[in-house]
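Asker: Here you go, one structure.
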Amino acid sequence: MREADYRAGLANAYSQGDEPRLVRVISGGHDEVWAVGNSMFIIPAVPADAPPLLEYAIRLRREATLTGKCSECSATVGLGAFGQLVELPINEARVPHRRNCPASDENLKRQLSAHRSRSSQRTVMEAFEAASANTRSKIFESPSNKIQVTNPKFERWAKDLLDAKLSSDRCEHLASGPAQTWNSYVASSEWRCDQCFAYLQASIVEGGPLFDATEERTCDHCRQFADVLEPVIIRIDHFVMIGGVCANCAKKFNPVIPPKKVKKSGKNRRKRR
Ligand SMILES: [Zn+2]
Ligand SMILES: [Zn+2]
Ligand SMILES: [Zn+2]
């Protein structure tokens, strides 16, 4: 294939407006293979515990590679080295970011290697504790109207639910880096990292419900059919399960504690004075 054909193919991939697809996770979770049309790209994965600046830099670089243009420094994609991988001709798509762009090679490599050396000094236990704390604060901050299970009576039920789901499939990010938030729907049989779960939720918004009509209207707690289900979120350490429960179960999960009765002592106090 000639260079002109590559350029045409690449331009085509961008201009068709095809949604980029995550194909798979490689190099032990460090990189991701993405496809746009017939073109494939290898991009660094966002480490689960990446600090905000590093996460921004990687997302910026991914967006620039997948759209052909960097929104920060306006660099556009060009072709780099050509090569041959077994039978497959490959060429490098390069975005020449400016040196001061967060997505530039210099900046990203420096931040990534600093992050990896910090991460490698943590014990497995510390990594899971950090993932758990991080998951807790994400749930706490999320501005959703989801019910949280606060009634200790239901802890057993939630733990059994988790036990039953632990052998479920997981996305490749979780398989290669388990110390991060695990997300799943109660009725589904797959765990996803934050990124993959966000894609799933976006695809539900676009393509409609994930489950069949019966499951969509079945309470995840009492398994009774209900016209309206209230969303419920269950977090155990770094595991988050999202489900729907009937109004009855919702009430039991999160009982409204009646306000304490305050003794009307004003009168007496006045008398004693
Ligand atoms: Zn840039
Ligand atoms: Zn994932
Ligand atoms: Zn119910």
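Chains: A, B, ... in order of the structure tokens. Residues: from 1 per chain. Ligands: from 1, in order shown.
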Give as a VMD selection string the residues surrounding ligand 3 up to a distance of 9 Å, considering only C-alpha atoms and all ligand atoms.

Answerer: chain A and resid 218 to 226 229 244 to 250

Asker: Just all heavy atoms for this one: save the residues we selected as a tab-separated table (two decimals), in the first residue's frame.

Answerer:
chain	number	residue	atom	x	y	z
A	218	THR	N	-38.54	-6.03	37.41
A	218	THR	CA	-38.51	-6.93	38.56
A	218	THR	C	-37.65	-6.32	39.66
A	218	THR	O	-36.52	-5.90	39.40
A	218	THR	CB	-37.95	-8.30	38.15
A	218	THR	OG1	-38.76	-8.82	37.10
A	218	THR	CG2	-37.96	-9.27	39.32
A	219	CYS	N	-38.17	-6.27	40.87
A	219	CYS	CA	-37.42	-5.72	42.01
A	219	CYS	C	-36.20	-6.61	42.26
A	219	CYS	O	-36.33	-7.83	42.33
A	219	CYS	CB	-38.32	-5.67	43.24
A	219	CYS	SG	-37.44	-5.28	44.76
A	220	ASP	N	-35.02	-6.00	42.40
A	220	ASP	CA	-33.80	-6.79	42.61
A	220	ASP	C	-33.73	-7.38	44.01
A	220	ASP	O	-32.90	-8.23	44.28
A	220	ASP	CB	-32.56	-5.91	42.37
A	220	ASP	CG	-32.27	-5.74	40.89
A	220	ASP	OD1	-32.48	-6.71	40.13
A	220	ASP	OD2	-31.85	-4.64	40.49
A	221	HIS	N	-34.60	-6.93	44.91
A	221	HIS	CA	-34.55	-7.47	46.27
A	221	HIS	C	-35.60	-8.56	46.49
A	221	HIS	O	-35.27	-9.69	46.80
A	221	HIS	CB	-34.70	-6.35	47.30
A	221	HIS	CG	-34.67	-6.85	48.71
A	221	HIS	ND1	-35.76	-6.82	49.54
A	221	HIS	CD2	-33.67	-7.44	49.42
A	221	HIS	CE1	-35.44	-7.34	50.70
A	221	HIS	NE2	-34.17	-7.72	50.65
A	222	CYS	N	-36.90	-8.23	46.28
A	222	CYS	CA	-37.94	-9.22	46.58
A	222	CYS	C	-38.35	-10.01	45.34
A	222	CYS	O	-39.13	-10.95	45.44
A	222	CYS	CB	-39.15	-8.55	47.22
A	222	CYS	SG	-40.02	-7.45	46.09
A	223	ARG	N	-37.79	-9.62	44.17
A	223	ARG	CA	-38.08	-10.29	42.89
A	223	ARG	C	-39.55	-10.21	42.50
A	223	ARG	O	-40.01	-10.97	41.67
A	223	ARG	CB	-37.61	-11.76	42.90
A	223	ARG	CG	-36.15	-11.97	43.21
A	223	ARG	CD	-35.20	-11.29	42.26
A	223	ARG	NE	-35.30	-11.74	40.87
A	223	ARG	CZ	-34.79	-11.07	39.83
A	223	ARG	NH1	-34.18	-9.93	40.02
A	223	ARG	NH2	-34.92	-11.55	38.61
A	224	GLN	N	-40.29	-9.26	43.10
A	224	GLN	CA	-41.68	-9.06	42.70
A	224	GLN	C	-41.71	-8.10	41.51
A	224	GLN	O	-40.84	-7.27	41.35
A	224	GLN	CB	-42.50	-8.44	43.85
A	224	GLN	CG	-42.58	-9.27	45.11
A	224	GLN	CD	-43.55	-10.43	44.97
A	224	GLN	OE1	-44.66	-10.27	44.49
A	224	GLN	NE2	-43.10	-11.61	45.35
A	225	PHE	N	-42.76	-8.25	40.73
A	225	PHE	CA	-42.97	-7.38	39.59
A	225	PHE	C	-43.48	-6.03	40.08
A	225	PHE	O	-44.34	-5.98	40.95
A	225	PHE	CB	-44.00	-8.07	38.70
A	225	PHE	CG	-44.02	-7.56	37.30
A	225	PHE	CD1	-42.98	-7.87	36.42
A	225	PHE	CD2	-45.08	-6.79	36.85
A	225	PHE	CE1	-43.01	-7.41	35.12
A	225	PHE	CE2	-45.10	-6.33	35.54
A	225	PHE	CZ	-44.06	-6.64	34.68
A	226	ALA	N	-42.91	-4.95	39.59
A	226	ALA	CA	-43.39	-3.62	40.01
A	226	ALA	C	-43.38	-2.68	38.81
A	226	ALA	O	-42.48	-2.76	37.97
A	226	ALA	CB	-42.50	-3.07	41.11
A	229	LEU	N	-39.66	1.09	39.50
A	229	LEU	CA	-38.56	0.67	40.37
A	229	LEU	C	-37.73	1.91	40.72
A	229	LEU	O	-37.53	2.78	39.90
A	229	LEU	CB	-37.66	-0.34	39.65
A	229	LEU	CG	-38.28	-1.71	39.34
A	229	LEU	CD1	-37.24	-2.59	38.65
A	229	LEU	CD2	-38.77	-2.39	40.60
A	244	GLY	N	-32.54	-1.93	40.83
A	244	GLY	CA	-33.81	-1.24	40.97
A	244	GLY	C	-34.65	-2.00	41.98
A	244	GLY	O	-34.67	-3.23	41.96
A	245	VAL	N	-35.29	-1.28	42.90
A	245	VAL	CA	-36.14	-1.96	43.88
A	245	VAL	C	-37.53	-1.32	43.91
A	245	VAL	O	-37.69	-0.15	43.56
A	245	VAL	CB	-35.53	-1.93	45.30
A	245	VAL	CG1	-34.32	-2.83	45.39
A	245	VAL	CG2	-35.19	-0.52	45.73
A	246	CYS	N	-38.50	-2.12	44.35
A	246	CYS	CA	-39.87	-1.62	44.44
A	246	CYS	C	-39.95	-0.63	45.61
A	246	CYS	O	-39.06	-0.58	46.46
A	246	CYS	CB	-40.84	-2.78	44.63
A	246	CYS	SG	-40.63	-3.63	46.19
A	247	ALA	N	-41.02	0.12	45.64
A	247	ALA	CA	-41.18	1.16	46.66
A	247	ALA	C	-41.13	0.57	48.07
A	247	ALA	O	-40.54	1.17	48.98
A	247	ALA	CB	-42.48	1.90	46.43
A	248	ASN	N	-41.70	-0.63	48.22
A	248	ASN	CA	-41.71	-1.30	49.52
A	248	ASN	C	-40.30	-1.57	50.04
A	248	ASN	O	-39.96	-1.28	51.18
A	248	ASN	CB	-42.41	-2.65	49.37
A	248	ASN	CG	-43.71	-2.67	50.13
A	248	ASN	OD1	-43.89	-1.83	51.04
A	248	ASN	ND2	-44.58	-3.59	49.78
A	249	CYS	N	-39.49	-2.19	49.18
A	249	CYS	CA	-38.12	-2.53	49.57
A	249	CYS	C	-37.30	-1.25	49.79
A	249	CYS	O	-36.48	-1.19	50.71
A	249	CYS	CB	-37.46	-3.40	48.51
A	249	CYS	SG	-38.21	-5.04	48.40
A	250	ALA	N	-37.54	-0.25	48.93
A	250	ALA	CA	-36.80	1.01	49.07
A	250	ALA	C	-37.01	1.59	50.46
A	250	ALA	O	-36.07	2.07	51.10
A	250	ALA	CB	-37.24	1.99	48.01

Asker: Can I get the residues close to ligand 2 as a PyMOL selection string, where close means within 7 Å and we count only C-alpha atoms and all ligand atoms?

Answerer: chain A and resi 171-174+192-196

Asker: Taking only C-alpha atoms and all ligand atoms into account, which residues are within 8 Å of ligand 1, as a list in words?

Answerer: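 The residues within 8 Å of ligand 1, counting only C-alpha atoms and all ligand atoms, are Leu60, Arg61, Ala64, Lys69, Cys70, Ser71, Glu72, Cys73, Ser74, Ala75, Val95, Pro96, His97, Arg98, Cys101, Pro102, Ala103 and Ser104 of chain A.
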
Asker: Between atom CA of A:Ala93 and atom CA of A:Val36, measure the distance and give it in Å to one decimal.

Answerer: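 Spanning atom CA of A:Ala93 to atom CA of A:Val36 is a straight-line distance of 12.4 Å.
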
Asker: Extract, using only C-alpha atoms, all DNA, RNA and protein residues at most 8 Å from A:Ala45, discarding same-chain residues fewer than 2 positions from it, and format them as an mmCIF file with N, CA and C atoms, in the first residue's frame.

Answerer:
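What follows is the written file around.cif:
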data_model
loop_
_atom_site.group_PDB
_atom_site.id
_atom_site.type_symbol
_atom_site.label_atom_id
_atom_site.label_comp_id
_atom_site.auth_asym_id
_atom_site.auth_seq_id
_atom_site.Cartn_x
_atom_site.Cartn_y
_atom_site.Cartn_z
ATOM 1 N N VAL A 25 -7.366 -4.518 25.743
ATOM 2 C CA VAL A 25 -6.350 -3.961 26.620
ATOM 3 C C VAL A 25 -5.102 -4.819 26.458
ATOM 4 N N GLY A 29 -2.297 -4.174 30.826
ATOM 5 C CA GLY A 29 -3.160 -3.091 31.280
ATOM 6 C C GLY A 29 -2.581 -1.708 31.019
ATOM 7 N N HIS A 30 -1.349 -1.637 30.478
ATOM 8 C CA HIS A 30 -0.718 -0.327 30.259
ATOM 9 C C HIS A 30 -1.210 0.378 29.005
ATOM 10 N N ASP A 31 -1.648 -0.397 27.998
ATOM 11 C CA ASP A 31 -2.078 0.222 26.740
ATOM 12 C C ASP A 31 -3.419 -0.328 26.286
ATOM 13 N N GLU A 32 -4.085 0.446 25.420
ATOM 14 C CA GLU A 32 -5.361 0.017 24.850
ATOM 15 C C GLU A 32 -5.284 0.090 23.336
ATOM 16 N N ILE A 43 -2.963 3.272 22.366
ATOM 17 C CA ILE A 43 -2.943 4.473 23.202
ATOM 18 C C ILE A 43 -2.732 4.050 24.654
ATOM 19 N N PRO A 47 -4.357 4.850 34.072
ATOM 20 C CA PRO A 47 -4.251 3.995 35.258
ATOM 21 C C PRO A 47 -5.410 4.296 36.209
ATOM 22 N N ILE A 58 -3.699 11.916 29.457
ATOM 23 C CA ILE A 58 -3.927 10.696 28.671
ATOM 24 C C ILE A 58 -5.229 10.811 27.866
#

Asker: Interatomic distance between atom CA of A:Ile26 and atom CA of A:Asp105?

Answerer: 19.5 Å

Asker: Using DSSP on the backbone coordinates, identify the residues of stretch 56-248 of chain A assigned to helix (DSSP H, G or I); present them as a compact mmCIF listing (two decimals) with N, CA, C and O atoms, in the first residue's frame.

Answerer:
# COMPACT_ATOMS: atom_id res chain seq x y z
N TYR A 56 -5.98 13.64 32.74
CA TYR A 56 -6.33 14.62 31.72
C TYR A 56 -5.41 14.49 30.51
O TYR A 56 -5.85 14.47 29.36
N ALA A 57 -4.09 14.37 30.80
CA ALA A 57 -3.11 14.28 29.71
C ALA A 57 -3.38 13.05 28.84
O ALA A 57 -3.32 13.12 27.60
N ILE A 58 -3.70 11.92 29.46
CA ILE A 58 -3.93 10.70 28.67
C ILE A 58 -5.23 10.81 27.87
O ILE A 58 -5.28 10.45 26.69
N ARG A 59 -6.26 11.36 28.50
CA ARG A 59 -7.53 11.51 27.77
C ARG A 59 -7.38 12.47 26.60
O ARG A 59 -7.95 12.27 25.53
N LEU A 60 -6.59 13.52 26.81
CA LEU A 60 -6.35 14.50 25.75
C LEU A 60 -5.63 13.82 24.58
O LEU A 60 -5.98 14.00 23.42
N ARG A 61 -4.63 13.01 24.92
CA ARG A 61 -3.87 12.34 23.88
C ARG A 61 -4.75 11.33 23.13
O ARG A 61 -4.68 11.21 21.91
N ARG A 62 -5.60 10.64 23.87
CA ARG A 62 -6.49 9.67 23.23
C ARG A 62 -7.44 10.38 22.26
O ARG A 62 -7.62 9.98 21.13
N GLU A 63 -8.02 11.48 22.76
CA GLU A 63 -8.98 12.21 21.93
C GLU A 63 -8.30 12.74 20.67
O GLU A 63 -8.85 12.67 19.57
N ALA A 64 -7.05 13.25 20.84
CA ALA A 64 -6.32 13.78 19.68
C ALA A 64 -6.06 12.68 18.66
O ALA A 64 -6.23 12.86 17.46
N THR A 65 -5.65 11.50 19.16
CA THR A 65 -5.35 10.38 18.25
C THR A 65 -6.62 9.90 17.56
O THR A 65 -6.60 9.60 16.36
N LEU A 66 -7.71 9.84 18.28
CA LEU A 66 -8.93 9.26 17.72
C LEU A 66 -9.73 10.24 16.85
O LEU A 66 -10.54 9.83 16.05
N THR A 67 -9.49 11.54 17.05
CA THR A 67 -10.22 12.50 16.22
C THR A 67 -9.32 13.15 15.18
O THR A 67 -9.79 13.79 14.26
N ASP A 105 4.69 13.80 24.08
CA ASP A 105 5.48 12.63 24.50
C ASP A 105 6.25 12.92 25.78
O ASP A 105 6.22 12.15 26.73
N GLU A 106 6.96 14.07 25.78
CA GLU A 106 7.84 14.40 26.91
C GLU A 106 7.06 14.44 28.22
O GLU A 106 7.43 13.84 29.22
N ASN A 107 5.95 15.18 28.20
CA ASN A 107 5.17 15.36 29.43
C ASN A 107 4.54 14.05 29.90
O ASN A 107 4.62 13.69 31.06
N LEU A 108 3.94 13.34 28.93
CA LEU A 108 3.21 12.13 29.29
C LEU A 108 4.15 11.05 29.81
O LEU A 108 3.86 10.39 30.81
N LYS A 109 5.29 10.87 29.13
CA LYS A 109 6.25 9.84 29.56
C LYS A 109 6.74 10.12 30.96
O LYS A 109 6.85 9.22 31.80
N ARG A 110 7.03 11.40 31.23
CA ARG A 110 7.55 11.78 32.54
C ARG A 110 6.50 11.50 33.61
O ARG A 110 6.78 10.87 34.64
N GLN A 111 5.29 11.93 33.36
CA GLN A 111 4.22 11.73 34.36
C GLN A 111 3.89 10.25 34.57
O GLN A 111 3.67 9.82 35.69
N LEU A 112 3.86 9.50 33.44
CA LEU A 112 3.53 8.08 33.55
C LEU A 112 4.59 7.32 34.33
O LEU A 112 4.27 6.49 35.18
N SER A 113 5.87 7.62 34.05
CA SER A 113 6.89 6.83 34.74
C SER A 113 6.95 7.21 36.22
O SER A 113 7.15 6.35 37.08
N ALA A 114 6.70 8.49 36.53
CA ALA A 114 6.66 8.89 37.94
C ALA A 114 5.51 8.17 38.64
O ALA A 114 5.65 7.67 39.76
N HIS A 115 4.37 8.11 37.96
CA HIS A 115 3.19 7.47 38.56
C HIS A 115 3.44 5.98 38.77
O HIS A 115 3.11 5.43 39.82
N ARG A 116 4.03 5.33 37.74
CA ARG A 116 4.26 3.89 37.87
C ARG A 116 5.25 3.58 38.97
O ARG A 116 5.12 2.57 39.67
N SER A 117 6.26 4.44 39.15
CA SER A 117 7.22 4.10 40.20
C SER A 117 6.58 4.32 41.58
O SER A 117 6.84 3.57 42.51
N ARG A 118 5.69 5.33 41.69
CA ARG A 118 4.97 5.52 42.96
C ARG A 118 4.07 4.31 43.23
O ARG A 118 4.05 3.77 44.33
N SER A 119 3.34 3.88 42.18
CA SER A 119 2.40 2.77 42.36
C SER A 119 3.11 1.49 42.74
O SER A 119 2.60 0.68 43.51
N SER A 120 4.32 1.29 42.17
CA SER A 120 5.00 0.02 42.41
C SER A 120 5.49 -0.09 43.85
O SER A 120 5.82 -1.16 44.33
N VAL A 124 -0.14 -4.43 47.84
CA VAL A 124 -1.44 -4.79 47.27
C VAL A 124 -2.55 -4.30 48.20
O VAL A 124 -3.56 -3.74 47.78
N MET A 125 -2.32 -4.48 49.50
CA MET A 125 -3.30 -4.08 50.51
C MET A 125 -3.57 -2.58 50.42
O MET A 125 -4.71 -2.13 50.43
N GLU A 126 -2.48 -1.80 50.33
CA GLU A 126 -2.63 -0.35 50.25
C GLU A 126 -3.39 0.05 48.99
O GLU A 126 -4.22 0.96 49.02
N ALA A 127 -3.11 -0.66 47.89
CA ALA A 127 -3.78 -0.34 46.63
C ALA A 127 -5.29 -0.58 46.75
O ALA A 127 -6.09 0.23 46.30
N PHE A 128 -5.68 -1.69 47.40
CA PHE A 128 -7.11 -1.99 47.54
C PHE A 128 -7.78 -1.03 48.52
O PHE A 128 -8.92 -0.62 48.32
N GLU A 129 -7.05 -0.66 49.58
CA GLU A 129 -7.62 0.29 50.53
C GLU A 129 -7.86 1.65 49.85
O GLU A 129 -8.90 2.28 50.05
N ALA A 130 -6.90 2.05 49.01
CA ALA A 130 -7.06 3.32 48.30
C ALA A 130 -8.25 3.23 47.34
O ALA A 130 -9.04 4.17 47.22
N ALA A 131 -8.40 2.07 46.67
CA ALA A 131 -9.51 1.90 45.72
C ALA A 131 -10.84 1.97 46.45
O ALA A 131 -11.81 2.57 45.96
N SER A 132 -10.88 1.38 47.64
CA SER A 132 -12.10 1.37 48.42
C SER A 132 -12.48 2.79 48.87
O SER A 132 -13.62 3.21 48.73
N ALA A 133 -11.48 3.53 49.37
CA ALA A 133 -11.72 4.91 49.83
C ALA A 133 -12.16 5.78 48.65
O ALA A 133 -13.08 6.60 48.77
N ASN A 134 -11.52 5.57 47.52
CA ASN A 134 -11.83 6.34 46.33
C ASN A 134 -13.27 6.07 45.86
O ASN A 134 -14.02 6.97 45.52
N THR A 135 -13.66 4.78 45.90
CA THR A 135 -15.01 4.40 45.50
C THR A 135 -16.03 5.02 46.44
O THR A 135 -17.05 5.55 46.00
N ARG A 136 -15.72 4.98 47.75
CA ARG A 136 -16.65 5.54 48.72
C ARG A 136 -16.88 7.03 48.45
O ARG A 136 -18.00 7.50 48.41
N SER A 137 -15.78 7.77 48.19
CA SER A 137 -15.96 9.21 48.01
C SER A 137 -16.68 9.51 46.69
O SER A 137 -17.44 10.45 46.61
N LYS A 138 -16.47 8.67 45.67
CA LYS A 138 -17.17 8.90 44.39
C LYS A 138 -18.68 8.75 44.58
O LYS A 138 -19.46 9.54 44.09
N ILE A 139 -19.06 7.70 45.31
CA ILE A 139 -20.49 7.45 45.53
C ILE A 139 -21.08 8.58 46.37
O ILE A 139 -22.16 9.07 46.12
N PHE A 140 -20.31 8.98 47.37
CA PHE A 140 -20.77 10.01 48.29
C PHE A 140 -21.00 11.33 47.55
O PHE A 140 -21.96 12.04 47.82
N GLU A 141 -20.10 11.61 46.60
CA GLU A 141 -20.18 12.90 45.89
C GLU A 141 -21.17 12.89 44.76
O GLU A 141 -21.58 13.94 44.29
N PRO A 152 -28.74 -1.92 58.41
CA PRO A 152 -27.80 -3.03 58.56
C PRO A 152 -28.45 -4.40 58.35
O PRO A 152 -27.76 -5.38 58.06
N LYS A 153 -29.79 -4.45 58.48
CA LYS A 153 -30.49 -5.72 58.28
C LYS A 153 -30.26 -6.27 56.87
O LYS A 153 -30.38 -7.46 56.63
N PHE A 154 -29.94 -5.38 55.93
CA PHE A 154 -29.81 -5.82 54.55
C PHE A 154 -28.37 -6.06 54.13
O PHE A 154 -28.10 -6.39 53.00
N GLU A 155 -27.47 -5.90 55.09
CA GLU A 155 -26.06 -6.10 54.79
C GLU A 155 -25.78 -7.51 54.30
O GLU A 155 -25.07 -7.73 53.34
N ARG A 156 -26.42 -8.48 55.00
CA ARG A 156 -26.24 -9.89 54.64
C ARG A 156 -26.66 -10.14 53.18
O ARG A 156 -25.96 -10.77 52.40
N TRP A 157 -27.83 -9.59 52.85
CA TRP A 157 -28.35 -9.75 51.49
C TRP A 157 -27.37 -9.17 50.47
O TRP A 157 -27.05 -9.80 49.46
N ALA A 158 -26.85 -7.96 50.76
CA ALA A 158 -25.91 -7.31 49.84
C ALA A 158 -24.64 -8.13 49.71
O ALA A 158 -24.10 -8.30 48.61
N LYS A 159 -24.15 -8.68 50.82
CA LYS A 159 -22.91 -9.46 50.77
C LYS A 159 -23.10 -10.75 50.00
O LYS A 159 -22.22 -11.17 49.25
N ASP A 160 -24.27 -11.40 50.17
CA ASP A 160 -24.55 -12.62 49.41
C ASP A 160 -24.61 -12.32 47.92
O ASP A 160 -24.16 -13.09 47.08
N LEU A 161 -25.21 -11.16 47.62
CA LEU A 161 -25.33 -10.73 46.23
C LEU A 161 -23.93 -10.60 45.61
O LEU A 161 -23.64 -11.08 44.52
N LEU A 162 -23.06 -9.95 46.38
CA LEU A 162 -21.69 -9.75 45.91
C LEU A 162 -20.97 -11.10 45.75
O LEU A 162 -20.32 -11.34 44.73
N ASP A 163 -21.12 -11.97 46.75
CA ASP A 163 -20.48 -13.29 46.67
C ASP A 163 -20.89 -14.01 45.40
O ASP A 163 -20.07 -14.60 44.71
N ALA A 164 -22.20 -13.96 45.10
CA ALA A 164 -22.71 -14.68 43.94
C ALA A 164 -22.19 -14.09 42.64
O ALA A 164 -22.08 -14.78 41.64
N LYS A 165 -21.85 -12.80 42.69
CA LYS A 165 -21.42 -12.13 41.46
C LYS A 165 -19.91 -12.13 41.27
O LYS A 165 -19.43 -11.74 40.20
N GLU A 172 -11.27 -6.10 30.73
CA GLU A 172 -9.83 -6.39 30.74
C GLU A 172 -9.05 -5.45 31.66
O GLU A 172 -7.98 -5.79 32.14
N HIS A 173 -9.63 -4.25 31.90
CA HIS A 173 -8.95 -3.33 32.82
C HIS A 173 -8.95 -3.90 34.23
O HIS A 173 -7.97 -3.83 34.94
N LEU A 174 -10.12 -4.45 34.62
CA LEU A 174 -10.22 -5.02 35.97
C LEU A 174 -9.37 -6.28 36.08
O LEU A 174 -8.78 -6.55 37.12
N ALA A 175 -9.33 -7.06 34.98
CA ALA A 175 -8.55 -8.29 35.01
C ALA A 175 -7.07 -7.97 35.21
O ALA A 175 -6.36 -8.65 35.94
N SER A 176 -6.59 -6.86 34.58
CA SER A 176 -5.16 -6.57 34.71
C SER A 176 -4.87 -5.66 35.90
O SER A 176 -3.75 -5.64 36.39
N ASP A 194 -14.65 1.94 35.73
CA ASP A 194 -15.42 3.18 35.55
C ASP A 194 -15.57 3.52 34.08
O ASP A 194 -16.64 3.90 33.62
N GLN A 195 -14.46 3.41 33.34
CA GLN A 195 -14.48 3.80 31.93
C GLN A 195 -15.45 2.91 31.14
O GLN A 195 -16.31 3.40 30.42
N CYS A 196 -15.31 1.59 31.29
CA CYS A 196 -16.16 0.66 30.53
C CYS A 196 -17.62 0.79 30.97
O CYS A 196 -18.54 0.65 30.17
N PHE A 197 -17.84 1.07 32.27
CA PHE A 197 -19.22 1.20 32.76
C PHE A 197 -19.86 2.46 32.18
O PHE A 197 -21.04 2.45 31.83
N ALA A 198 -19.05 3.53 32.04
CA ALA A 198 -19.58 4.77 31.45
C ALA A 198 -19.99 4.52 30.00
O ALA A 198 -21.02 5.01 29.54
N TYR A 199 -19.18 3.71 29.27
CA TYR A 199 -19.55 3.38 27.88
C TYR A 199 -20.84 2.58 27.85
O TYR A 199 -21.70 2.79 26.99
N LEU A 200 -20.96 1.65 28.79
CA LEU A 200 -22.17 0.82 28.83
C LEU A 200 -23.39 1.71 29.09
O LEU A 200 -24.42 1.58 28.42
N GLN A 201 -23.25 2.64 30.05
CA GLN A 201 -24.38 3.50 30.37
C GLN A 201 -24.74 4.39 29.18
O GLN A 201 -25.91 4.61 28.90
N ALA A 202 -23.71 4.87 28.45
CA ALA A 202 -23.98 5.69 27.27
C ALA A 202 -24.70 4.86 26.22
O ALA A 202 -25.62 5.34 25.55
N SER A 203 -24.32 3.58 26.09
CA SER A 203 -24.96 2.75 25.07
C SER A 203 -26.40 2.42 25.46
O SER A 203 -27.26 2.23 24.60
N ILE A 204 -26.69 2.41 26.76
CA ILE A 204 -28.07 2.18 27.20
C ILE A 204 -28.92 3.41 26.87
O ILE A 204 -30.03 3.30 26.39
N VAL A 205 -28.33 4.59 27.09
CA VAL A 205 -29.06 5.82 26.77
C VAL A 205 -29.40 5.85 25.28
O VAL A 205 -30.50 6.21 24.88
N GLU A 206 -28.43 5.41 24.45
CA GLU A 206 -28.67 5.43 23.00
C GLU A 206 -29.52 4.26 22.52
O GLU A 206 -30.43 4.42 21.72
N GLY A 207 -29.19 3.07 23.02
CA GLY A 207 -29.79 1.88 22.42
C GLY A 207 -30.91 1.25 23.22
O GLY A 207 -31.41 0.19 22.87
N ALA A 213 -37.97 -7.04 29.06
CA ALA A 213 -39.05 -6.26 29.68
C ALA A 213 -39.39 -6.76 31.08
O ALA A 213 -39.67 -5.96 31.98
N THR A 214 -39.33 -8.09 31.31
CA THR A 214 -39.67 -8.63 32.63
C THR A 214 -38.62 -8.21 33.65
O THR A 214 -38.93 -7.71 34.73
N GLU A 215 -37.33 -8.40 33.29
CA GLU A 215 -36.25 -8.07 34.23
C GLU A 215 -36.24 -6.57 34.53
O GLU A 215 -35.98 -6.16 35.65
N GLU A 216 -36.54 -5.78 33.51
CA GLU A 216 -36.56 -4.32 33.70
C GLU A 216 -37.58 -3.90 34.75
O GLU A 216 -37.52 -2.81 35.29
N ALA A 247 -41.02 0.12 45.64
CA ALA A 247 -41.18 1.16 46.66
C ALA A 247 -41.13 0.57 48.07
O ALA A 247 -40.54 1.17 48.98
N ASN A 248 -41.70 -0.63 48.22
CA ASN A 248 -41.71 -1.30 49.52
C ASN A 248 -40.30 -1.57 50.04
O ASN A 248 -39.96 -1.28 51.18

Asker: Could you give me, as an NGL selection string, each residue of stretch 9-222 of chain A that DSSP assigns to strand (DSSP E) when run on this structure's backbone?

Answerer: :A and (21-26 or 31-36 or 39-44 or 78-85 or 88-94 or 147-148 or 169-170 or 182-185 or 190-191)

Asker: What is the distance between atom CA of A:Leu10 and atom CA of A:Glu92, in Å to one decimal?

Answerer: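 These two atoms are separated by 10.8 Å.
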
Asker: Which residue out of A:Gly37, A:Ala4, A:Glu190, A:Glu55 has the minimum interatomic distance to A:Gln16 when only C-alpha atoms are used?

Answerer: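 Ranked by minimum distance to A:Gln16, first place goes to A:Gly37.
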